[in-house]
Structure formats: C-alpha cells, structure tokens
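**Q** Data file coords.tsv (TSV, C-alpha atoms and all ligand atoms) is appended below.
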chain	number	residue	atom	x	y	z
A	236	MET	CA	-4.55	6.83	23.14
A	237	HIS	CA	-3.56	4.93	20.07
A	238	GLY	CA	-3.81	7.25	17.10
A	239	LEU	CA	-5.27	9.93	14.92
A	240	THR	CA	-8.45	8.39	13.59
A	241	SER	CA	-10.32	11.08	11.64
A	242	MET	CA	-10.69	14.72	10.75
A	243	THR	CA	-13.47	17.06	9.70
A	244	LEU	CA	-12.77	19.89	7.30
A	245	GLY	CA	-14.98	22.88	6.74
A	246	VAL	CA	-14.72	24.02	3.10
A	247	PRO	CA	-16.49	26.53	0.84
A	248	ASP	CA	-16.95	24.03	-2.01
A	249	VAL	CA	-17.61	20.50	-0.76
A	250	GLY	CA	-18.12	19.06	-4.25
A	251	ALA	CA	-14.82	20.28	-5.70
A	252	VAL	CA	-12.88	19.33	-2.58
A	253	ALA	CA	-14.43	15.84	-2.50
A	254	SER	CA	-13.40	15.27	-6.14
A	255	TYR	CA	-9.86	16.36	-5.32
A	256	TYR	CA	-9.55	13.84	-2.45
A	257	GLU	CA	-11.02	11.12	-4.66
A	258	ASP	CA	-8.27	11.89	-7.18
A	259	PHE	CA	-5.83	11.80	-4.24
A	260	GLY	CA	-6.87	8.17	-3.70
A	261	LEU	CA	-9.57	8.28	-1.04
A	262	ARG	CA	-12.87	6.49	-1.58
A	263	ARG	CA	-16.11	8.49	-1.48
A	264	VAL	CA	-18.45	6.90	1.04
A	265	GLY	CA	-21.30	9.44	1.01
A	266	ASP	CA	-23.22	11.62	3.42
A	267	ARG	CA	-23.18	10.59	7.05
A	268	PRO	CA	-25.75	12.38	9.21
A	269	GLY	CA	-23.96	14.70	11.64
A	270	ARG	CA	-20.58	14.24	10.01
A	271	GLY	CA	-20.88	15.50	6.44
A	272	LEU	CA	-19.61	14.01	3.20
A	273	VAL	CA	-17.27	11.19	4.19
A	274	LEU	CA	-14.28	9.70	2.35
A	275	ALA	CA	-12.26	6.65	3.36
A	276	THR	CA	-8.66	5.52	3.22
A	277	ALA	CA	-7.65	1.98	2.29
A	278	GLU	CA	-7.03	0.86	5.87
A	279	GLY	CA	-8.01	3.68	8.19
A	280	GLY	CA	-11.68	3.66	7.20
A	281	GLU	CA	-13.86	6.77	7.17
A	282	GLN	CA	-11.17	9.29	8.05
A	283	LEU	CA	-12.11	12.48	6.19
A	284	ALA	CA	-15.40	14.34	6.56
A	285	LEU	CA	-16.22	17.51	4.61
A	286	ARG	CA	-18.76	20.08	5.72
A	287	PRO	CA	-19.77	23.37	4.12
A	288	ALA	CA	-18.10	26.42	5.66
A	289	GLU	CA	-17.53	30.01	4.62
A	290	ARG	CA	-13.74	29.64	4.76
A	291	ARG	CA	-11.52	26.58	4.84
A	292	ARG	CA	-11.07	25.42	8.38
A	293	LEU	CA	-10.14	22.31	10.34
A	294	LEU	CA	-13.22	21.72	12.47
A	295	GLU	CA	-12.32	18.59	14.37
A	296	ILE	CA	-9.81	15.79	14.79
A	297	GLY	CA	-10.63	12.37	16.17
A	298	ILE	CA	-8.27	10.52	18.50
A	299	GLY	CA	-8.64	6.82	19.28
A	300	ALA	CA	-8.48	5.55	22.86
A	301	ASP	CA	-8.16	1.94	23.98
A	302	ASP	CA	-10.61	1.98	26.88
A	303	PRO	CA	-12.64	4.24	29.18
A	304	ASP	CA	-9.65	4.40	31.57
A	305	ASP	CA	-7.84	6.44	28.90
A	306	LEU	CA	-10.74	8.87	28.92
A	307	GLY	CA	-10.64	9.00	32.71
A	308	ARG	CA	-6.97	9.97	32.65
A	309	ILE	CA	-7.61	12.72	30.12
A	310	GLU	CA	-10.57	13.94	32.13
A	311	ALA	CA	-8.40	14.27	35.25
A	312	SER	CA	-5.69	16.12	33.31
A	313	LEU	CA	-8.18	18.55	31.78
A	314	ARG	CA	-9.65	19.26	35.20
A	315	ARG	CA	-6.16	20.08	36.48
A	316	LEU	CA	-5.71	22.51	33.58
A	317	GLY	CA	-9.16	23.99	34.12
A	318	VAL	CA	-10.31	23.23	30.57
A	319	ALA	CA	-14.02	22.51	30.01
A	320	PHE	CA	-15.01	19.30	28.21
A	321	GLU	CA	-17.98	17.03	27.48
A	322	ARG	CA	-17.85	13.38	28.43
A	323	ASP	CA	-19.99	10.29	27.97
A	324	ALA	CA	-19.24	6.59	28.41
A	325	GLY	CA	-17.24	6.14	25.22
A	326	SER	CA	-16.06	9.60	24.22
A	327	LEU	CA	-14.76	12.94	25.35
A	328	ARG	CA	-14.95	16.22	23.46
A	329	VAL	CA	-12.79	19.23	24.18
A	330	ARG	CA	-11.62	22.37	22.40
A	331	ASP	CA	-8.04	23.61	22.44
A	332	PRO	CA	-8.57	27.10	23.91
A	333	ASN	CA	-5.69	28.50	21.80
A	334	SER	CA	-6.14	27.00	18.35
A	335	ALA	CA	-9.93	26.58	18.73
A	336	LEU	CA	-9.56	23.07	17.32
A	337	GLN	CA	-12.20	20.61	18.49
A	338	VAL	CA	-10.79	17.26	19.62
A	339	SER	CA	-12.96	14.20	19.96
A	340	VAL	CA	-11.41	11.26	21.83
A	341	GLN	CA	-13.31	8.04	21.25
A	342	VAL	CA	-12.88	4.52	22.56
A	343	GLY	CA	-12.44	2.29	19.52
A	344	PRO	CA	-10.31	-0.31	17.79
A	345	ARG	CA	-6.78	0.41	16.62
A	346	ILE	CA	-6.10	0.83	12.92
A	347	THR	CA	-4.08	-2.13	11.69
A	348	GLU	CA	-2.08	-1.95	8.48
A	349	ALA	CA	-1.04	-4.94	6.40
A	350	ALA	CA	2.76	-5.02	6.10
A	351	ALA	CA	3.97	-3.36	2.90
A	352	LYS	CA	6.07	-5.63	0.69
A	353	GLN	CA	9.82	-4.94	0.87
A	354	GLU	CA	10.95	-4.96	-2.74
A	355	PRO	CA	14.55	-5.81	-3.67
A	356	THR	CA	16.77	-2.94	-4.83
A	357	ASN	CA	20.15	-2.97	-6.53
A	358	GLY	CA	23.09	-1.02	-5.15
A	359	PRO	CA	26.79	-0.65	-5.87
A	360	GLY	CA	28.31	-4.14	-5.56
A	361	ARG	CA	24.91	-5.57	-4.66
A	362	ALA	CA	22.64	-7.06	-7.33
A	363	ASP	CA	19.60	-7.90	-5.22
A	364	ARG	CA	17.34	-7.65	-8.26
A	365	PRO	CA	19.24	-9.33	-11.08
A	366	ASN	CA	17.88	-9.64	-14.63
A	367	GLY	CA	14.67	-7.76	-14.08
A	368	ARG	CA	13.01	-4.36	-13.96
A	369	ALA	CA	12.17	-2.71	-10.64
A	370	PRO	CA	8.66	-3.85	-9.63
A	371	ALA	CA	7.85	-0.19	-8.87
A	372	VAL	CA	8.07	0.80	-12.56
A	373	GLU	CA	5.55	-1.91	-13.43
A	374	ARG	CA	2.97	-0.64	-10.93
A	375	ALA	CA	-0.19	0.44	-12.68
A	376	ALA	CA	-2.79	0.60	-9.91
A	377	ARG	CA	-3.80	3.99	-8.69
A	378	VAL	CA	-2.15	5.13	-5.45
A	379	GLN	CA	-4.39	4.76	-2.42
A	380	PRO	CA	-3.30	6.21	0.92
A	381	ARG	CA	-3.35	3.60	3.67
A	382	ARG	CA	-4.44	6.05	6.37
A	383	LEU	CA	-4.38	9.58	7.73
A	384	GLY	CA	-1.02	10.12	9.43
A	385	HIS	CA	-0.88	13.66	10.77
A	386	VAL	CA	-2.35	17.12	10.67
A	387	VAL	CA	-0.45	20.37	10.97
A	388	ILE	CA	-2.11	23.46	12.37
A	389	GLY	CA	-1.13	27.04	12.97
A	390	SER	CA	-1.88	28.35	16.45
A	391	LEU	CA	-1.80	31.89	17.77
A	392	ASP	CA	0.03	30.53	20.83
A	393	GLN	CA	2.02	27.45	19.88
A	394	GLU	CA	3.40	26.85	23.37
A	395	ALA	CA	-0.01	27.03	24.99
A	396	SER	CA	-1.39	24.62	22.37
A	397	GLN	CA	1.54	22.30	23.02
A	398	ARG	CA	0.74	22.35	26.75
A	399	PHE	CA	-2.92	21.59	26.03
A	400	PHE	CA	-2.08	18.58	23.86
A	401	THR	CA	0.69	17.20	26.09
A	402	GLU	CA	-0.50	18.00	29.62
A	403	GLY	CA	-4.21	17.90	28.82
A	404	LEU	CA	-4.53	15.03	26.36
A	405	GLY	CA	-1.30	13.08	26.86
A	406	PHE	CA	0.50	13.65	23.54
A	407	LYS	CA	4.29	13.24	23.64
A	408	VAL	CA	6.74	15.65	22.07
A	409	SER	CA	9.03	13.88	19.55
A	410	ASP	CA	11.05	16.92	18.38
A	411	ARG	CA	10.87	20.68	18.65
A	412	VAL	CA	11.78	23.78	16.68
A	413	PRO	CA	12.05	26.31	19.51
A	414	GLY	CA	9.46	29.08	19.48
A	415	LEU	CA	8.05	27.80	16.17
A	416	ALA	CA	6.77	24.26	16.21
A	417	SER	CA	6.38	21.07	18.19
A	418	PHE	CA	6.01	17.62	16.65
A	419	MET	CA	3.71	15.54	18.84
A	420	ARG	CA	2.49	11.96	18.77
A	421	CYS	CA	-0.44	10.03	20.20
A	422	SER	CA	0.68	6.74	18.57
A	423	THR	CA	3.93	5.12	17.48
A	424	ASP	CA	4.19	7.60	14.55
A	425	HIS	CA	6.87	10.26	15.01
A	426	HIS	CA	4.12	12.85	14.76
A	427	ASN	CA	0.36	12.90	14.48
A	428	LEU	CA	0.02	16.57	15.23
A	429	LEU	CA	2.31	19.47	14.55
A	430	VAL	CA	1.45	22.85	15.99
A	431	GLN	CA	3.18	25.87	14.45
A	432	GLN	CA	3.25	29.41	15.71
A	433	ALA	CA	1.09	31.43	13.29
A	434	PRO	CA	-0.65	34.80	12.99
A	435	VAL	CA	-4.00	33.00	12.69
A	436	ASN	CA	-5.44	29.61	13.65
A	437	PHE	CA	-5.54	27.60	10.45
A	438	LEU	CA	-4.96	24.19	8.87
A	439	HIS	CA	-1.58	23.97	7.19
A	440	HIS	CA	-1.68	20.41	5.89
A	441	THR	CA	-2.93	16.89	6.28
A	442	ALA	CA	-0.64	13.91	5.58
A	443	TRP	CA	-1.57	10.50	4.23
A	444	GLU	CA	0.62	7.42	4.39
A	445	VAL	CA	1.52	5.45	1.27
A	446	ASP	CA	3.70	2.36	0.93
A	447	ASP	CA	7.04	3.78	-0.17
A	448	VAL	CA	8.81	6.60	-1.97
A	449	ASP	CA	7.65	5.27	-5.35
A	450	GLU	CA	4.05	5.64	-4.24
A	451	VAL	CA	4.78	9.20	-3.08
A	452	GLY	CA	6.16	9.98	-6.54
A	453	ARG	CA	3.51	8.06	-8.48
A	454	GLY	CA	0.70	9.58	-6.47
A	455	ALA	CA	1.89	13.15	-6.95
A	456	THR	CA	2.63	12.59	-10.65
A	457	ALA	CA	-0.93	11.37	-11.21
A	458	MET	CA	-2.37	14.34	-9.28
A	459	LEU	CA	-0.42	16.82	-11.41
A	460	GLU	CA	-1.56	15.37	-14.72
A	461	GLY	CA	-3.71	18.15	-16.17
A	462	HIS	CA	-3.51	20.01	-12.83
A	463	PRO	CA	-0.10	21.66	-12.49
A	464	GLU	CA	-1.64	24.19	-10.10
A	465	ARG	CA	-1.92	21.45	-7.48
A	466	HIS	CA	1.83	21.29	-6.97
A	467	VAL	CA	3.22	22.80	-3.77
A	468	TRP	CA	6.53	21.16	-2.76
A	469	GLY	CA	8.29	17.86	-3.42
A	470	LEU	CA	9.79	15.41	-3.85
A	471	GLY	CA	11.95	15.68	-0.76
A	472	ARG	CA	12.81	14.15	2.57
A	473	HIS	CA	12.17	15.76	5.92
A	474	HIS	CA	14.84	15.80	8.57
A	475	ILE	CA	12.36	15.81	11.45
A	476	GLY	CA	10.44	12.53	11.17
A	477	SER	CA	12.64	11.40	8.23
A	478	ASN	CA	9.67	10.95	5.87
A	479	PHE	CA	9.71	11.34	2.12
A	480	PHE	CA	7.15	14.00	1.17
A	481	TRP	CA	5.30	15.60	-1.69
A	482	TYR	CA	2.80	18.35	-0.92
A	483	LEU	CA	-0.18	19.18	-3.12
A	484	LYS	CA	-2.98	21.72	-2.74
A	485	ASP	CA	-6.73	21.14	-2.79
A	486	PRO	CA	-9.08	23.56	-4.60
A	487	VAL	CA	-9.68	25.69	-1.50
A	488	GLY	CA	-6.05	25.94	-0.34
A	489	ASN	CA	-5.50	23.06	2.11
A	490	PHE	CA	-2.21	21.27	1.53
A	491	SER	CA	-2.26	17.47	1.44
A	492	GLU	CA	0.91	15.41	1.71
A	493	TYR	CA	1.74	11.93	0.47
A	494	TYR	CA	4.38	10.51	2.79
A	495	SER	CA	6.30	7.32	3.46
A	496	ASP	CA	9.04	6.04	5.77
A	497	LEU	CA	8.21	8.17	8.79
A	498	ASP	CA	10.17	7.44	11.98
A	499	ILE	CA	8.35	5.02	14.30
A	500	ILE	CA	8.77	5.24	18.06
A	501	LEU	CA	8.01	1.93	19.75
A	502	ASP	CA	9.96	2.59	22.95
A	503	ASP	CA	9.73	6.07	24.43
A	504	GLN	CA	12.92	5.42	26.42
A	505	LEU	CA	14.95	4.87	23.26
A	506	TRP	CA	13.83	8.00	21.42
A	507	LYS	CA	15.76	11.17	22.17
A	508	PRO	CA	13.69	14.26	21.35
A	509	SER	CA	15.85	16.90	19.77
A	510	VAL	CA	15.74	20.62	19.25
A	511	VAL	CA	16.20	21.40	15.57
A	512	GLU	CA	17.03	24.84	14.21
A	513	GLY	CA	17.54	26.37	10.78
A	514	ALA	CA	16.66	24.79	7.42
A	515	ARG	CA	16.68	21.27	8.89
A	516	GLY	CA	13.51	22.18	10.72
A	517	LEU	CA	11.92	22.12	7.28
A	518	TYR	CA	13.75	19.47	5.30
A	519	ASN	CA	16.84	17.37	4.77
A	520	TRP	CA	16.89	17.38	0.96
A	521	GLY	CA	14.69	18.34	-1.93
A	522	PRO	CA	13.92	21.48	-3.89
A	523	PRO	CA	13.88	24.63	-1.74
A	524	PRO	CA	10.46	25.14	-0.16
A	525	PRO	CA	8.35	27.74	-1.99
A	526	PRO	CA	7.47	30.82	0.12
A	527	SER	CA	3.80	29.82	-0.13
A	528	PHE	CA	4.54	26.64	1.81
A	529	ILE	CA	5.64	28.67	4.81
A	530	HIS	CA	3.08	31.45	4.39
A	531	PRO	CA	0.09	30.06	2.46
A	532	GLU	CA	-1.29	32.61	0.02
A	533	ASP	CA	-4.70	32.83	1.69
A	534	LEU	CA	-3.33	33.54	5.18
A	535	ALA	CA	-4.22	37.25	5.04
A	536	ALA	CA	-7.76	36.42	3.92
A	537	LEU	CA	-8.06	33.83	6.69
A	538	MET	CA	-6.89	36.44	9.21
A	539	THR	CA	-9.52	38.92	8.04
A	540	GLY	CA	-12.22	36.30	8.43
A	541	SER	CA	-11.04	34.86	11.71
A	542	HIS	CA	-12.59	37.35	14.13
A	543	ALA	CA	-15.48	35.13	15.01
A	544	PRO	CA	-14.50	31.45	14.93
A	545	ARG	CA	-17.57	29.27	14.96
A	546	ALA	CA	-18.17	25.82	16.36
A	601	FE	FE	3.77	16.65	7.06
As structure tokens - that is how I would like this structure written.
**A**
Amino acid sequence: MHGLTSMTLGVPDVGAVASYYEDFGLRRVGDRPGRGLVLATAEGGEQLALRPAERRRLLEIGIGADDPDDLGRIEASLRRLGVAFERDAGSLRVRDPNSALQVSVQVGPRITEAAAKQEPTNGPGRADRPNGRAPAVERAARVQPRRLGHVVIGSLDQEASQRFFTEGLGFKVSDRVPGLASFMRCSTDHHNLLVQQAPVNFLHHTAWEVDDVDEVGRGATAMLEGHPERHVWGLGRHHIGSNFFWYLKDPVGNFSEYYSDLDIILDDQLWKPSVVEGARGLYNWGPPPPPSFIHPEDLAALMTGSHAPRA
C-alpha cells in the first residue's frame, strides 16, 4: 500500500457541503457516475466525493496499492481473519466489521508532491532574511490543500478496528493512546487513519496537507471571514505526529483540519512507536481543546440514528 487516496462522505446537504470544501481550497470537478459530486486537491486529484445521506457519515476510504501482489497479500490476511471481501483484478473492497467503514484498495499510481519551498527565517543571532519582509506575509493566493492526509473515525470497538486495519489490511501503528486511540499509517505519513474508541461509529475529522504553518493560519483565517461558526480548534501543534493544526467545521458537522509538518516515517526500523497518555495525547501546545472537539455536539443525534447503518 502507498497511501490514502480518496474518501466518500454521505451528507444531508451536498450543495452546502460542496461550497464549504470549495472555500476550504478544493476544486469542484462535478458529478462522477457512481461516486457523487467530486472535488479535487492540488496534487492528490479527485480525493473527496459527496453523496446525499440522511445523516453525515463516512461511507468509504480509498487506499492505493502498488500492484496486484499487494492485493493478494491483503486477500490472504483477510481470509485468515475470516472477513468477507470482494476482489477483482485491480481492486479489493472490504468493510471493517466494527466501524462499518467501507475500504476500497485499488492498484494505482502514487501521489507525488512537488517539494515545498523552504523560506528563510530570522532567529536570535541569525539574520537569514536580512532587509526584507517574510515572504509568507506577502502571500496573496488562496490556500489550496496539496492532498488528503488522514481521516479520524470513532469506532464502537477501537481495538478490534485496529486489528482489522493492521492484521487485515497491513497498516502499521505509529503511536497509541491506550484504550482510546491508535494512529496508523499506510504510507510514510505518521498517520493516515486514526481510530478512536467512541459510543457510535462516526467521522471525527478529515485532514488536508498544506505547505507550512503560515498556510495553516492563512487558510483558517480566510475560512473564518464572515463565518466565525466554522471555528473549532487552533492554531496549535500536536504532540503525536508533531503537526501544526487548525480544525474547522463544515455545515453538517464534519471537522476538517489544515495541517503541516507531520512526522514522516521513511524507515520503520528507526521509528519507535510510543504509548502516550494524558493531555499530550491531544496536543503539545495551543489553546485548550473545546469540549465539542472531544464530543462533537451531534454525537447523541448520530447515536439515535445509528441503529441501521446502510451501505
Ligand atoms: Fe488530525
């Protein structure tokens, strides 16, 4: 596997949600038969699909695989776990029995990102940018996420979901908050999927990579102009994964995160997964998280409506 390639969201109001993600910096592509209304990131392509649904719900995530051998390995693992799946030459579809999330693994090209420019910064005793303003304050272009980085879901049985994604699909655990959450990767990103223990299966947030902390701040500032209700939590820096973050909320209650400077794991042998407890599980610095970040306001309503999850 090489990465998180796409996601499909079920939402009650496709039009309003599409406008929100356009404001967020995605490009509206249009209706794709079988997928829904599709939006694209700058470098990840058509990564977000929206479909009408009674309540907000993450319907599917797409995972990229290098070749059919990858699919063969996953197939063998799923058989060992006794999980049913559908397979054809270039793809495999399976549902996490615990979170009910549909996962589609597809053979396809890797997403390549052009290297972001490293801009000079001044520091005490170090004038690396003499006689000039910081290039970041001169930026005028609208922030455009490079790609989808991770999704975070609540699962009724976090440990069982973790087993499904690691033993069934081959995700690796980067860090853990015991009994609460596991940060897992299917690429060199510190995490592409985070599964949290929750009273209902739901989507907590999606996260979109931008160039640097200035783009995190500029992006969120633009989103809040005329829409203070979109603010959830930021600016801050996570401890787990190290990324700068700012969380916003779409019109139906899904959180979306601008992030930059996430830990990258190129050599599995050199990364030491850790067990993190207490506040550091949430963040390293920033304003205190609002209670609604931990328990989204619509959780009770989602629980009431969750008796019959649909495909
Ligand atoms: Fe995140």
**Q** Would you compute the distance between CA of Val510 in chain A and CA of Arg411 in chain A? Give it in Å to one decimal.
**A**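 Here the two named atoms are 4.9 Å from each other.
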**Q** Counting only C-alpha atoms and all ligand atoms, what residues are within 8 Å of ligand FE 601 (chain A), given as a PyMOL selection string?
**A** chain A and resi 385-387+440-442+480+492+494
**Q** For the residues in that selection, give me C-alpha atoms as an mmCIF file, keeping the file's coordinate frame.
**A**
data_model
loop_
_atom_site.group_PDB
_atom_site.id
_atom_site.type_symbol
_atom_site.label_atom_id
_atom_site.label_comp_id
_atom_site.auth_asym_id
_atom_site.auth_seq_id
_atom_site.Cartn_x
_atom_site.Cartn_y
_atom_site.Cartn_z
ATOM 1 C CA HIS A 385 -0.880 13.660 10.770
ATOM 2 C CA VAL A 386 -2.350 17.120 10.670
ATOM 3 C CA VAL A 387 -0.450 20.370 10.970
ATOM 4 C CA HIS A 440 -1.680 20.410 5.890
ATOM 5 C CA THR A 441 -2.930 16.890 6.280
ATOM 6 C CA ALA A 442 -0.640 13.910 5.580
ATOM 7 C CA PHE A 480 7.150 14.000 1.170
ATOM 8 C CA GLU A 492 0.910 15.410 1.710
ATOM 9 C CA TYR A 494 4.380 10.510 2.790
#
**Q** Taking (3.7, 27.0, 21.4) in the file's coordinates as the center, which residues reach within 12 Å of it, counting all atoms listed in the file, put as a ChimeraX atom specification?
**A** /A:333-334,388-401,408,411-419,429-433
**Q** List every protein, DNA or RNA residue with an atom no more than 10 Å from (10.4, 13.8, 14.3) in the file's coordinates, counting only C-alpha atoms, and format the result as a list in words.
**A**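 Applying the cut-off with only C-alpha atoms, one gets Val408, Ser409, Asp410, Arg411, Ser417, Phe418, Met419, Arg420, Asp424, His425, His426, Leu429, His473, His474, Ile475, Gly476, Ser477, Asn478, Leu497, Asp498, Ile499, Ile500, Trp506, Lys507, Pro508, Ser509, Val510, Val511 and Gly516 of chain A.
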**Q** Skip range 346-353 of chain A itself and residues of its chain fewer than 4 positions away, then list as a count of residues only all residues within 7 Å of it, counting only C-alpha atoms.
**A** 3
**Q** Figure out the distance between CA of Ala253 in chain A and CA of Thr276 in chain A, please, to one decimal in Å.
**A**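 Those two atoms sit 13.1 Å apart.
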**Q** Go through A:Ile529, A:Leu293, A:Leu261, A:Leu313 one by one, measure the shortest atom-to-atom distance of each to Leu274 in chain A using all atoms listed in the file, and give the residue with the smallest value.
**A**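 Under the stated criterion, the closest residue is A:Leu261.
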**Q** May I ask for the distance between CA of Gly513 in chain A and CA of Phe490 in chain A, given in Å to one decimal place?
**A**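 A separation of 22.4 Å between them.
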**Q** Do a neighbour search on Val467 in chain A at 12 Å with all atoms listed in the file, toss out local chain neighbours closer than 6 positions, and write the hits as a ChimeraX atom specification.
**A** /A:440,455,458-459,480-485,488-493,522-532
**Q** What's the 9 Å shell around Ile309 in chain A, counting all atoms listed in the file, without same-chain residues fewer than 4 positions away, as an mmCIF file with C-alpha atoms, keeping the file's coordinate frame?
**A**
data_model
loop_
_atom_site.group_PDB
_atom_site.id
_atom_site.type_symbol
_atom_site.label_atom_id
_atom_site.label_comp_id
_atom_site.auth_asym_id
_atom_site.auth_seq_id
_atom_site.Cartn_x
_atom_site.Cartn_y
_atom_site.Cartn_z
ATOM 1 C CA ASP A 304 -9.650 4.400 31.570
ATOM 2 C CA ASP A 305 -7.840 6.440 28.900
ATOM 3 C CA LEU A 313 -8.180 18.550 31.780
ATOM 4 C CA ARG A 314 -9.650 19.260 35.200
ATOM 5 C CA LEU A 327 -14.760 12.940 25.350
ATOM 6 C CA GLU A 402 -0.500 18.000 29.620
ATOM 7 C CA GLY A 403 -4.210 17.900 28.820
ATOM 8 C CA LEU A 404 -4.530 15.030 26.360
ATOM 9 C CA GLY A 405 -1.300 13.080 26.860
#
**Q** Nearest residue to Val342 in chain A out of A:Pro359, A:Gly299, A:Gly367, A:Pro380, using only C-alpha atoms?
**A** A:Gly299
**Q** Between A:Cys421, A:Ala369, A:Val329, A:Val264, which residue has the minimum interatomic distance to Thr240 in chain A, considering all atoms listed in the file?
**A**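 Ranking A:Cys421, A:Ala369, A:Val329, A:Val264 by distance to Thr240 in chain A, first place goes to A:Cys421.
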**Q** What's the 12 Å shell around Ala536 in chain A, counting all atoms listed in the file, without same-chain residues fewer than 6 positions away, as an mmCIF file with C-alpha atoms, in the frame of the given file?
**A**
data_model
loop_
_atom_site.group_PDB
_atom_site.id
_atom_site.type_symbol
_atom_site.label_atom_id
_atom_site.label_comp_id
_atom_site.auth_asym_id
_atom_site.auth_seq_id
_atom_site.Cartn_x
_atom_site.Cartn_y
_atom_site.Cartn_z
ATOM 1 C CA GLU A 289 -17.530 30.010 4.620
ATOM 2 C CA ARG A 290 -13.740 29.640 4.760
ATOM 3 C CA ARG A 291 -11.520 26.580 4.840
ATOM 4 C CA PRO A 434 -0.650 34.800 12.990
ATOM 5 C CA VAL A 435 -4.000 33.000 12.690
ATOM 6 C CA PHE A 437 -5.540 27.600 10.450
ATOM 7 C CA GLY A 488 -6.050 25.940 -0.340
ATOM 8 C CA HIS A 530 3.080 31.450 4.390
ATOM 9 C CA HIS A 542 -12.590 37.350 14.130
#
**Q** Which one is closest to Gln341 in chain A: A:Ile298, A:Val448, A:Val378, A:Ala457? Count all atoms listed in the file.
**A**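 Among the listed residues, the smallest separation from Gln341 in chain A belongs to A:Ile298.
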